[in-house]
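Q: Contents are PDB, C-alpha atoms; file name run_20.pdb:
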```
ATOM      1  CA  MET A 259     115.769 -18.552  -9.772
ATOM      2  CA  PHE A 260     114.914 -15.452  -7.761
ATOM      3  CA  VAL A 261     113.030 -12.725  -9.639
ATOM      4  CA  THR A 262     112.009  -9.440  -8.039
ATOM      5  CA  LEU A 263     109.553  -6.880  -9.354
ATOM      6  CA  GLU A 264     110.214  -3.268  -8.480
ATOM      7  CA  GLY A 265     108.798   0.096  -9.434
ATOM      8  CA  PRO A 266     106.836   3.124  -8.312
ATOM      9  CA  GLU A 267     103.352   2.866  -6.850
ATOM     10  CA  GLY A 268     100.721   1.795  -9.381
ATOM     11  CA  ALA A 269     103.190   0.290 -11.861
ATOM     12  CA  GLY A 270     101.350  -3.044 -12.016
ATOM     13  CA  LYS A 271     103.761  -5.341 -10.173
ATOM     14  CA  SER A 272     101.064  -7.586  -8.698
ATOM     15  CA  THR A 273      99.383  -8.066 -12.076
ATOM     16  CA  VAL A 274     102.686  -8.937 -13.756
ATOM     17  CA  MET A 275     103.602 -11.339 -10.972
ATOM     18  CA  ARG A 276     100.362 -13.299 -11.394
ATOM     19  CA  GLY A 277     100.858 -13.463 -15.166
ATOM     20  CA  LEU A 278     104.478 -14.585 -14.887
ATOM     21  CA  ALA A 279     103.588 -17.209 -12.281
ATOM     22  CA  SER A 280     100.947 -18.639 -14.599
ATOM     23  CA  ARG A 281     103.311 -18.826 -17.578
ATOM     24  CA  ILE A 282     106.183 -20.325 -15.602
ATOM     25  CA  SER A 283     104.006 -22.950 -13.905
ATOM     26  CA  GLU A 284     102.598 -23.978 -17.300
ATOM     27  CA  GLY A 285     106.156 -25.053 -18.100
ATOM     28  CA  GLY A 286     106.125 -27.443 -15.144
ATOM     29  CA  ARG A 287     108.201 -25.377 -12.687
ATOM     30  CA  GLU A 288     107.160 -24.741  -9.098
ATOM     31  CA  VAL A 289     106.521 -21.032  -8.568
ATOM     32  CA  VAL A 290     106.391 -19.235  -5.218
ATOM     33  CA  GLU A 291     104.680 -15.836  -5.290
ATOM     34  CA  THR A 292     105.589 -13.626  -2.370
ATOM     35  CA  ARG A 293     105.982  -9.982  -1.366
ATOM     36  CA  GLU A 294     107.734  -7.590   0.945
ATOM     37  CA  PRO A 295     106.513  -6.626   3.345
ATOM     38  CA  GLY A 296     103.677  -8.994   4.062
ATOM     39  CA  ALA A 297     104.670 -12.634   3.566
ATOM     40  CA  GLY A 298     103.810 -14.983   6.404
ATOM     41  CA  GLU A 299     102.340 -14.131   9.787
ATOM     42  CA  PHE A 300     105.266 -11.940  10.837
ATOM     43  CA  GLY A 301     105.282 -10.105   7.506
ATOM     44  CA  SER A 302     101.551  -9.449   7.651
ATOM     45  CA  ALA A 303     101.913  -7.802  11.049
ATOM     46  CA  VAL A 304     104.833  -5.671   9.833
ATOM     47  CA  ARG A 305     102.964  -4.709   6.652
ATOM     48  CA  ASP A 306     100.026  -3.481   8.695
ATOM     49  CA  LEU A 307     102.320  -1.307  10.825
ATOM     50  CA  LEU A 308     104.194   0.074   7.821
ATOM     51  CA  LEU A 309     101.341   0.773   5.439
ATOM     52  CA  HIS A 310      98.328   1.365   7.632
ATOM     53  CA  GLY A 311      99.738   2.711  10.873
ATOM     54  CA  GLU A 312     100.513   6.251  11.899
ATOM     55  CA  ASP A 313     103.511   8.185  10.595
ATOM     56  CA  ILE A 314     106.755   6.740  11.911
ATOM     57  CA  ASP A 315     110.362   7.878  12.064
ATOM     58  CA  PRO A 316     112.359   6.956   8.913
ATOM     59  CA  LYS A 317     114.806   4.867  10.969
ATOM     60  CA  THR A 318     111.968   2.937  12.590
ATOM     61  CA  GLU A 319     110.488   2.362   9.140
ATOM     62  CA  LEU A 320     113.846   1.069   7.890
ATOM     63  CA  PHE A 321     114.318  -1.403  10.724
ATOM     64  CA  LEU A 322     110.798  -2.772  10.290
ATOM     65  CA  TYR A 323     111.491  -3.428   6.611
ATOM     66  CA  LEU A 324     114.816  -5.076   7.445
ATOM     67  CA  ALA A 325     113.280  -7.288  10.135
ATOM     68  CA  ASP A 326     110.586  -8.395   7.698
ATOM     69  CA  ARG A 327     113.212  -9.069   5.006
ATOM     70  CA  ALA A 328     115.420 -11.187   7.272
ATOM     71  CA  GLU A 329     112.463 -13.341   8.317
ATOM     72  CA  HIS A 330     111.123 -13.552   4.757
ATOM     73  CA  VAL A 331     114.428 -14.679   3.243
ATOM     74  CA  ALA A 332     115.085 -17.213   6.014
ATOM     75  CA  LYS A 333     111.607 -18.751   6.139
ATOM     76  CA  ILE A 334     110.236 -18.402   2.590
ATOM     77  CA  VAL A 335     112.713 -17.359  -0.108
ATOM     78  CA  ARG A 336     115.780 -19.510   0.652
ATOM     79  CA  PRO A 337     113.819 -22.725   1.330
ATOM     80  CA  ALA A 338     111.942 -22.290  -1.955
ATOM     81  CA  LEU A 339     115.149 -21.646  -3.919
ATOM     82  CA  GLU A 340     116.841 -24.639  -2.282
ATOM     83  CA  ARG A 341     114.116 -26.971  -3.522
ATOM     84  CA  GLY A 342     114.422 -25.566  -7.049
ATOM     85  CA  ALA A 343     111.379 -23.296  -7.162
ATOM     86  CA  VAL A 344     111.198 -20.034  -9.070
ATOM     87  CA  VAL A 345     110.559 -17.264  -6.545
ATOM     88  CA  LEU A 346     108.699 -14.173  -7.736
ATOM     89  CA  CYS A 347     108.784 -11.355  -5.195
ATOM     90  CA  ASP A 348     106.811  -8.099  -5.286
ATOM     91  CA  ARG A 349     109.461  -5.711  -3.851
ATOM     92  CA  HIS A 350     112.668  -6.668  -2.098
ATOM     93  CA  ALA A 351     115.919  -5.060  -0.914
ATOM     94  CA  ASP A 352     116.112  -2.570  -3.784
ATOM     95  CA  SER A 353     112.901  -0.934  -2.573
ATOM     96  CA  THR A 354     114.583  -0.178   0.744
ATOM     97  CA  VAL A 355     117.560   1.439  -0.986
ATOM     98  CA  VAL A 356     115.225   3.516  -3.134
ATOM     99  CA  TYR A 357     112.426   4.472  -0.716
ATOM    100  CA  GLN A 358     114.534   4.936   2.410
ATOM    101  CA  GLY A 359     117.660   6.167   0.586
ATOM    102  CA  TYR A 360     116.602   8.266  -2.380
ATOM    103  CA  GLY A 361     113.169   9.037  -0.926
ATOM    104  CA  ARG A 362     113.892   9.549   2.788
ATOM    105  CA  GLY A 363     117.530  10.602   2.485
ATOM    106  CA  LEU A 364     119.167   7.800   4.493
ATOM    107  CA  ASP A 365     122.727   6.805   3.572
ATOM    108  CA  LEU A 366     122.767   4.544   0.485
ATOM    109  CA  GLY A 367     125.940   2.681   1.463
ATOM    110  CA  LEU A 368     124.571   1.906   4.900
ATOM    111  CA  LEU A 369     121.292   0.695   3.405
ATOM    112  CA  ARG A 370     123.127  -1.659   1.059
ATOM    113  CA  ASP A 371     125.173  -3.052   3.958
ATOM    114  CA  LEU A 372     122.092  -3.562   6.132
ATOM    115  CA  ASN A 373     120.263  -5.270   3.266
ATOM    116  CA  ALA A 374     123.212  -7.629   2.794
ATOM    117  CA  MET A 375     123.034  -8.528   6.476
ATOM    118  CA  ALA A 376     119.252  -9.030   6.418
ATOM    119  CA  THR A 377     119.395 -11.259   3.315
ATOM    120  CA  GLY A 378     122.582 -13.112   4.193
ATOM    121  CA  GLY A 379     123.998 -11.823   0.916
ATOM    122  CA  LEU A 380     121.167 -13.176  -1.240
ATOM    123  CA  LYS A 381     120.554 -11.077  -4.367
ATOM    124  CA  PRO A 382     117.936 -11.554  -7.078
ATOM    125  CA  ASP A 383     118.963 -13.231 -10.327
ATOM    126  CA  LEU A 384     116.710 -10.809 -12.210
ATOM    127  CA  THR A 385     114.991  -7.571 -11.222
ATOM    128  CA  LEU A 386     112.198  -6.283 -13.433
ATOM    129  CA  LEU A 387     111.719  -2.540 -13.015
ATOM    130  CA  LEU A 388     108.224  -1.527 -14.068
ATOM    131  CA  ASP A 389     108.869   2.109 -14.862
ATOM    132  CA  ILE A 390     106.046   4.629 -14.955
ATOM    133  CA  ASP A 391     105.545   8.336 -14.401
ATOM    134  CA  PRO A 392     104.622   8.658 -10.702
ATOM    135  CA  ALA A 393     101.606  10.865 -11.443
ATOM    136  CA  VAL A 394     100.196   8.175 -13.743
ATOM    137  CA  GLY A 395     101.011   5.378 -11.311
ATOM    138  CA  LEU A 396      99.396   7.154  -8.377
ATOM    139  CA  SER A 397      96.253   7.740 -10.431
ATOM    140  CA  ARG A 398      95.990   3.940 -10.805
ATOM    141  CA  THR A 399      96.266   3.110  -7.112
ATOM    142  CA  THR A 400      93.232   2.502  -4.961
ATOM    143  CA  LYS A 401      94.976   1.445  -1.727
ATOM    144  CA  GLY A 402      95.481   4.885  -0.230
ATOM    145  CA  ASP A 403      98.122   3.547   2.167
ATOM    146  CA  ARG A 404     100.745   5.603   4.002
ATOM    147  CA  LEU A 405     103.198   5.550   1.084
ATOM    148  CA  ASP A 406     100.549   6.460  -1.477
ATOM    149  CA  ARG A 407      99.851   9.624   0.525
ATOM    150  CA  GLU A 408     103.437  10.897   0.245
ATOM    151  CA  PRO A 409     103.769  14.045  -1.935
ATOM    152  CA  LEU A 410     104.434  13.679  -5.665
ATOM    153  CA  GLU A 411     107.996  14.970  -5.154
ATOM    154  CA  PHE A 412     108.747  11.931  -2.957
ATOM    155  CA  HIS A 413     107.453   9.568  -5.638
ATOM    156  CA  GLN A 414     109.533  11.346  -8.290
ATOM    157  CA  LYS A 415     112.653  10.775  -6.158
ATOM    158  CA  VAL A 416     111.679   7.118  -5.864
ATOM    159  CA  ARG A 417     111.338   6.717  -9.631
ATOM    160  CA  GLY A 418     114.690   8.413 -10.187
ATOM    161  CA  GLY A 419     116.237   6.156  -7.571
ATOM    162  CA  PHE A 420     114.979   3.014  -9.283
ATOM    163  CA  LEU A 421     116.376   4.176 -12.621
ATOM    164  CA  ASP A 422     119.725   5.009 -11.014
ATOM    165  CA  GLU A 423     119.900   1.614  -9.330
ATOM    166  CA  ALA A 424     119.094  -0.125 -12.631
ATOM    167  CA  LYS A 425     122.075   1.642 -14.206
ATOM    168  CA  ARG A 426     124.361   0.425 -11.389
ATOM    169  CA  GLU A 427     123.677  -3.257 -12.162
ATOM    170  CA  PRO A 428     122.532  -3.528 -15.792
ATOM    171  CA  ASP A 429     123.143  -7.288 -15.894
ATOM    172  CA  ARG A 430     120.531  -7.847 -13.173
ATOM    173  CA  TRP A 431     117.952  -5.157 -13.958
ATOM    174  CA  VAL A 432     115.617  -4.953 -16.950
ATOM    175  CA  VAL A 433     113.640  -1.720 -17.287
ATOM    176  CA  ILE A 434     110.107  -2.215 -18.638
ATOM    177  CA  ASP A 435     107.867   0.622 -19.821
ATOM    178  CA  ALA A 436     104.835   0.099 -17.580
ATOM    179  CA  SER A 437     102.733   2.824 -19.221
ATOM    180  CA  ARG A 438     101.679   0.356 -21.937
ATOM    181  CA  SER A 439      98.782  -2.108 -21.797
ATOM    182  CA  ALA A 440      98.898  -4.782 -19.109
ATOM    183  CA  GLU A 441      99.336  -7.459 -21.793
ATOM    184  CA  ALA A 442     102.270  -5.642 -23.432
ATOM    185  CA  VAL A 443     103.966  -5.151 -20.063
ATOM    186  CA  LEU A 444     103.513  -8.824 -19.161
ATOM    187  CA  ASP A 445     104.872  -9.922 -22.559
ATOM    188  CA  ALA A 446     107.989  -7.768 -22.084
ATOM    189  CA  CYS A 447     108.537  -9.151 -18.578
ATOM    190  CA  TRP A 448     108.033 -12.717 -19.810
ATOM    191  CA  LEU A 449     110.588 -12.174 -22.563
ATOM    192  CA  ALA A 450     113.157 -11.025 -19.994
ATOM    193  CA  ALA A 451     112.369 -13.784 -17.473
ATOM    194  CA  SER A 452     112.100 -16.695 -19.918
ATOM    195  CA  ALA A 453     115.529 -15.890 -21.341
ATOM    196  CA  ARG A 454     117.010 -16.678 -17.919
ATOM    197  CA  LEU A 455     114.898 -19.646 -16.891
TER     198      LEU A 455
END
```
Would you mind writing the file's structure down as structure tokens?

A:
Amino acid sequence: MFVTLEGPEGAGKSTVMRGLASRISEGGREVVETREPGAGEFGSAVRDLLLHGEDIDPKTELFLYLADRAEHVAKIVRPALERGAVVLCDRHADSTVVYQGYGRGLDLGLLRDLNAMATGGLKPDLTLLLDIDPAVGLSRTTKGDRLDREPLEFHQKVRGGFLDEAKREPDRWVVIDASRSAEAVLDACWLAASARL
């Protein structure tokens, strides 16, 4: 089973992923926790360029994300799924549609096609959208990376994009109110994930 966690900055994806991994592994299943960008040696190098480098052209940004995704799916995600593991991923293809499409203004149809190529058609079984007001989410972040420094208007477009994408595929997406306590958010995510395990 392939589960992705999506949402604006500061929504609590990493915290939820750790909690879900713990609960799933207690049931005897192998769990692989991963992220995009940043998994593996290649992903770590790409993550550093994307989040801590200088400003880059939106098309360059897109192709870096896609290169990371292709490598990540081929080397980490597919092998784990093939051996029966549950894969939990902090961000995946939907983030590219939302950040580069809704946020940067690149063509949504093209982004979906490029994602399909990069993933070989792999789509998550479940996407948990941790929804939060961008102003609240940004107040929670301590990273201060390149994306965190984008203006609030950008982050509002991103949130709207996630909500729009969730409406496009309601069977795959579950929207979770991430403004609640960390425990309440984890419980809601666990309820959605355990129903599909």

Q: Give as a ChimeraX atom specification each residue that has an atom at most 12 Å from (115.2, 9.3, -1.0) in the file, counting all atoms listed in the file.

A: /A:316,353-366,369,408,411-420,422

Q: Using all atoms listed in the file, give me every residue within 6 Å of (98.0, 1.9, -13.3) in file coordinates, as a list in words.

A: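 Counting all atoms listed in the file, I find these residues within 6 Å of (98.0, 1.9, -13.3): Gly268, Ala269, Gly395 and Arg398 of chain A.
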
Q: Could you tell me how far atom CA of His330 of chain A lies from atom CA of Gly378 of chain A, in Å and to one decimal?

A: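 Between atom CA of His330 of chain A and atom CA of Gly378 of chain A the gap works out to 11.5 Å.
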
Q: So which residues get picked by the PyMOL selection byres ((chain A and resi 388) around 7) here, written as a list in words?

A: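 Selected by the PyMOL selection byres ((chain A and resi 388) around 7) here: Glu264, Gly265, Ala269, Leu386, Leu387, Asp389, Ile390, Val433, Ile434, Asp435 and Ala436 of chain A.
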
Q: Determine the nearest neighbour of Val274 of chain A from the options A:Phe321, A:Leu346, A:Asp383, A:Met259, counting only C-alpha atoms.

A: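 Counting only C-alpha atoms, the residue closest to Val274 of chain A is A:Leu346.
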
Q: Apply the PyMOL selection byres ((chain A and resi 339) around 12) to the file shown and report the selected residues as an MDAnalysis selection string.

A: chainID A and resid 259:261 287:290 331:338 340:346 380:383

Q: Given all atoms listed in the file as the basis, pick out the residue of A:Leu372, A:Ala440, A:Leu405, A:Leu421 nearest to Asp313 of chain A.

A: A:Leu405

Q: Quick one: pull the distance between atom CA of Leu278 of chain A and atom CA of Asp445 of chain A, Å, one decimal.

A: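 These two atoms are separated by 9.0 Å.
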
Q: Kindly give the distance, in Å, that separates atom CA of Ile282 of chain A and atom CA of Leu455 of chain A, rounded to a single decimal.

A: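 Computing the Euclidean distance for atom CA of Ile282 of chain A and atom CA of Leu455 of chain A yields 8.8 Å.
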
Q: Which residue gives the smallest distance to Thr273 of chain A among A:Gly367, A:Asp403, A:Ala446, A:Asp348, with all atoms listed in the file counted?

A: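 Using all atoms listed in the file, Thr273 of chain A sits closest to A:Asp348.
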
Q: Go through A:Gly298, A:Glu319, A:Leu384, A:Arg327 and flag the residue nearest Asp429 of chain A, using all atoms listed in the file for the distances.

A: A:Leu384

Q: Can you complete the atoms of segment 294-329 of chain A to N, CA and C atoms and list them as a JSON list (two decimals), keeping the file's coordinate frame?

A:
```
[["chain", "number", "residue", "atom", "x", "y", "z"],
["A", 294, "GLU", "N", 107.18, -8.28, -0.21],
["A", 294, "GLU", "CA", 107.73, -7.59, 0.94],
["A", 294, "GLU", "C", 107.17, -6.18, 1.01],
["A", 295, "PRO", "N", 106.74, -5.77, 2.18],
["A", 295, "PRO", "CA", 106.51, -6.63, 3.34],
["A", 295, "PRO", "C", 105.20, -7.38, 3.19],
["A", 296, "GLY", "N", 104.99, -8.38, 4.02],
["A", 296, "GLY", "CA", 103.68, -8.99, 4.06],
["A", 296, "GLY", "C", 103.61, -10.49, 3.91],
["A", 297, "ALA", "N", 104.72, -11.18, 3.71],
["A", 297, "ALA", "CA", 104.67, -12.63, 3.57],
["A", 297, "ALA", "C", 104.70, -13.29, 4.94],
["A", 298, "GLY", "N", 103.85, -14.26, 5.14],
["A", 298, "GLY", "CA", 103.81, -14.98, 6.40],
["A", 298, "GLY", "C", 103.16, -14.16, 7.51],
["A", 299, "GLU", "N", 103.02, -14.78, 8.66],
["A", 299, "GLU", "CA", 102.34, -14.13, 9.79],
["A", 299, "GLU", "C", 103.12, -12.90, 10.27],
["A", 300, "PHE", "N", 104.43, -13.06, 10.40],
["A", 300, "PHE", "CA", 105.27, -11.94, 10.84],
["A", 300, "PHE", "C", 105.18, -10.80, 9.83],
["A", 301, "GLY", "N", 105.32, -11.12, 8.55],
["A", 301, "GLY", "CA", 105.28, -10.10, 7.51],
["A", 301, "GLY", "C", 103.96, -9.37, 7.44],
["A", 302, "SER", "N", 102.88, -10.09, 7.67],
["A", 302, "SER", "CA", 101.55, -9.45, 7.65],
["A", 302, "SER", "C", 101.43, -8.41, 8.76],
["A", 303, "ALA", "N", 101.96, -8.75, 9.93],
["A", 303, "ALA", "CA", 101.91, -7.80, 11.05],
["A", 303, "ALA", "C", 102.76, -6.57, 10.75],
["A", 304, "VAL", "N", 103.95, -6.79, 10.17],
["A", 304, "VAL", "CA", 104.83, -5.67, 9.83],
["A", 304, "VAL", "C", 104.20, -4.81, 8.75],
["A", 305, "ARG", "N", 103.60, -5.45, 7.75],
["A", 305, "ARG", "CA", 102.96, -4.71, 6.65],
["A", 305, "ARG", "C", 101.87, -3.79, 7.19],
["A", 306, "ASP", "N", 101.10, -4.30, 8.13],
["A", 306, "ASP", "CA", 100.03, -3.48, 8.70],
["A", 306, "ASP", "C", 100.60, -2.25, 9.40],
["A", 307, "LEU", "N", 101.67, -2.43, 10.15],
["A", 307, "LEU", "CA", 102.32, -1.31, 10.82],
["A", 307, "LEU", "C", 102.87, -0.29, 9.82],
["A", 308, "LEU", "N", 103.52, -0.80, 8.78],
["A", 308, "LEU", "CA", 104.19, 0.07, 7.82],
["A", 308, "LEU", "C", 103.24, 0.83, 6.91],
["A", 309, "LEU", "N", 102.20, 0.17, 6.46],
["A", 309, "LEU", "CA", 101.34, 0.77, 5.44],
["A", 309, "LEU", "C", 100.05, 1.37, 5.98],
["A", 310, "HIS", "N", 99.63, 0.90, 7.14],
["A", 310, "HIS", "CA", 98.33, 1.36, 7.63],
["A", 310, "HIS", "C", 98.39, 2.01, 9.00],
["A", 311, "GLY", "N", 99.60, 2.08, 9.57],
["A", 311, "GLY", "CA", 99.74, 2.71, 10.87],
["A", 311, "GLY", "C", 99.95, 4.21, 10.75],
["A", 312, "GLU", "N", 100.26, 4.81, 11.87],
["A", 312, "GLU", "CA", 100.51, 6.25, 11.90],
["A", 312, "GLU", "C", 101.89, 6.54, 11.31],
["A", 313, "ASP", "N", 102.19, 7.81, 11.10],
["A", 313, "ASP", "CA", 103.51, 8.18, 10.60],
["A", 313, "ASP", "C", 104.57, 7.73, 11.59],
["A", 314, "ILE", "N", 105.68, 7.22, 11.05],
["A", 314, "ILE", "CA", 106.76, 6.74, 11.91],
["A", 314, "ILE", "C", 108.08, 7.35, 11.46],
["A", 315, "ASP", "N", 109.04, 7.35, 12.35],
["A", 315, "ASP", "CA", 110.36, 7.88, 12.06],
["A", 315, "ASP", "C", 110.99, 7.06, 10.94],
["A", 316, "PRO", "N", 111.73, 7.70, 10.01],
["A", 316, "PRO", "CA", 112.36, 6.96, 8.91],
["A", 316, "PRO", "C", 113.26, 5.80, 9.37],
["A", 317, "LYS", "N", 113.94, 5.95, 10.49],
["A", 317, "LYS", "CA", 114.81, 4.87, 10.97],
["A", 317, "LYS", "C", 113.97, 3.70, 11.48],
["A", 318, "THR", "N", 112.87, 4.00, 12.14],
["A", 318, "THR", "CA", 111.97, 2.94, 12.59],
["A", 318, "THR", "C", 111.41, 2.19, 11.39],
["A", 319, "GLU", "N", 111.00, 2.94, 10.38],
["A", 319, "GLU", "CA", 110.49, 2.36, 9.14],
["A", 319, "GLU", "C", 111.53, 1.42, 8.54],
["A", 320, "LEU", "N", 112.77, 1.88, 8.46],
["A", 320, "LEU", "CA", 113.85, 1.07, 7.89],
["A", 320, "LEU", "C", 114.00, -0.25, 8.63],
["A", 321, "PHE", "N", 114.07, -0.18, 9.96],
["A", 321, "PHE", "CA", 114.32, -1.40, 10.72],
["A", 321, "PHE", "C", 113.15, -2.38, 10.65],
["A", 322, "LEU", "N", 111.94, -1.87, 10.49],
["A", 322, "LEU", "CA", 110.80, -2.77, 10.29],
["A", 322, "LEU", "C", 110.92, -3.51, 8.96],
["A", 323, "TYR", "N", 111.29, -2.78, 7.90],
["A", 323, "TYR", "CA", 111.49, -3.43, 6.61],
["A", 323, "TYR", "C", 112.60, -4.47, 6.68],
["A", 324, "LEU", "N", 113.70, -4.14, 7.35],
["A", 324, "LEU", "CA", 114.82, -5.08, 7.44],
["A", 324, "LEU", "C", 114.46, -6.32, 8.25],
["A", 325, "ALA", "N", 113.71, -6.14, 9.34],
["A", 325, "ALA", "CA", 113.28, -7.29, 10.14],
["A", 325, "ALA", "C", 112.38, -8.20, 9.30],
["A", 326, "ASP", "N", 111.46, -7.61, 8.57],
["A", 326, "ASP", "CA", 110.59, -8.40, 7.70],
["A", 326, "ASP", "C", 111.41, -9.14, 6.65],
["A", 327, "ARG", "N", 112.40, -8.46, 6.07],
["A", 327, "ARG", "CA", 113.21, -9.07, 5.01],
["A", 327, "ARG", "C", 114.02, -10.25, 5.54],
["A", 328, "ALA", "N", 114.63, -10.10, 6.70],
["A", 328, "ALA", "CA", 115.42, -11.19, 7.27],
["A", 328, "ALA", "C", 114.55, -12.42, 7.49],
["A", 329, "GLU", "N", 113.38, -12.23, 8.05],
["A", 329, "GLU", "CA", 112.46, -13.34, 8.32],
["A", 329, "GLU", "C", 111.96, -13.95, 7.00]]
```
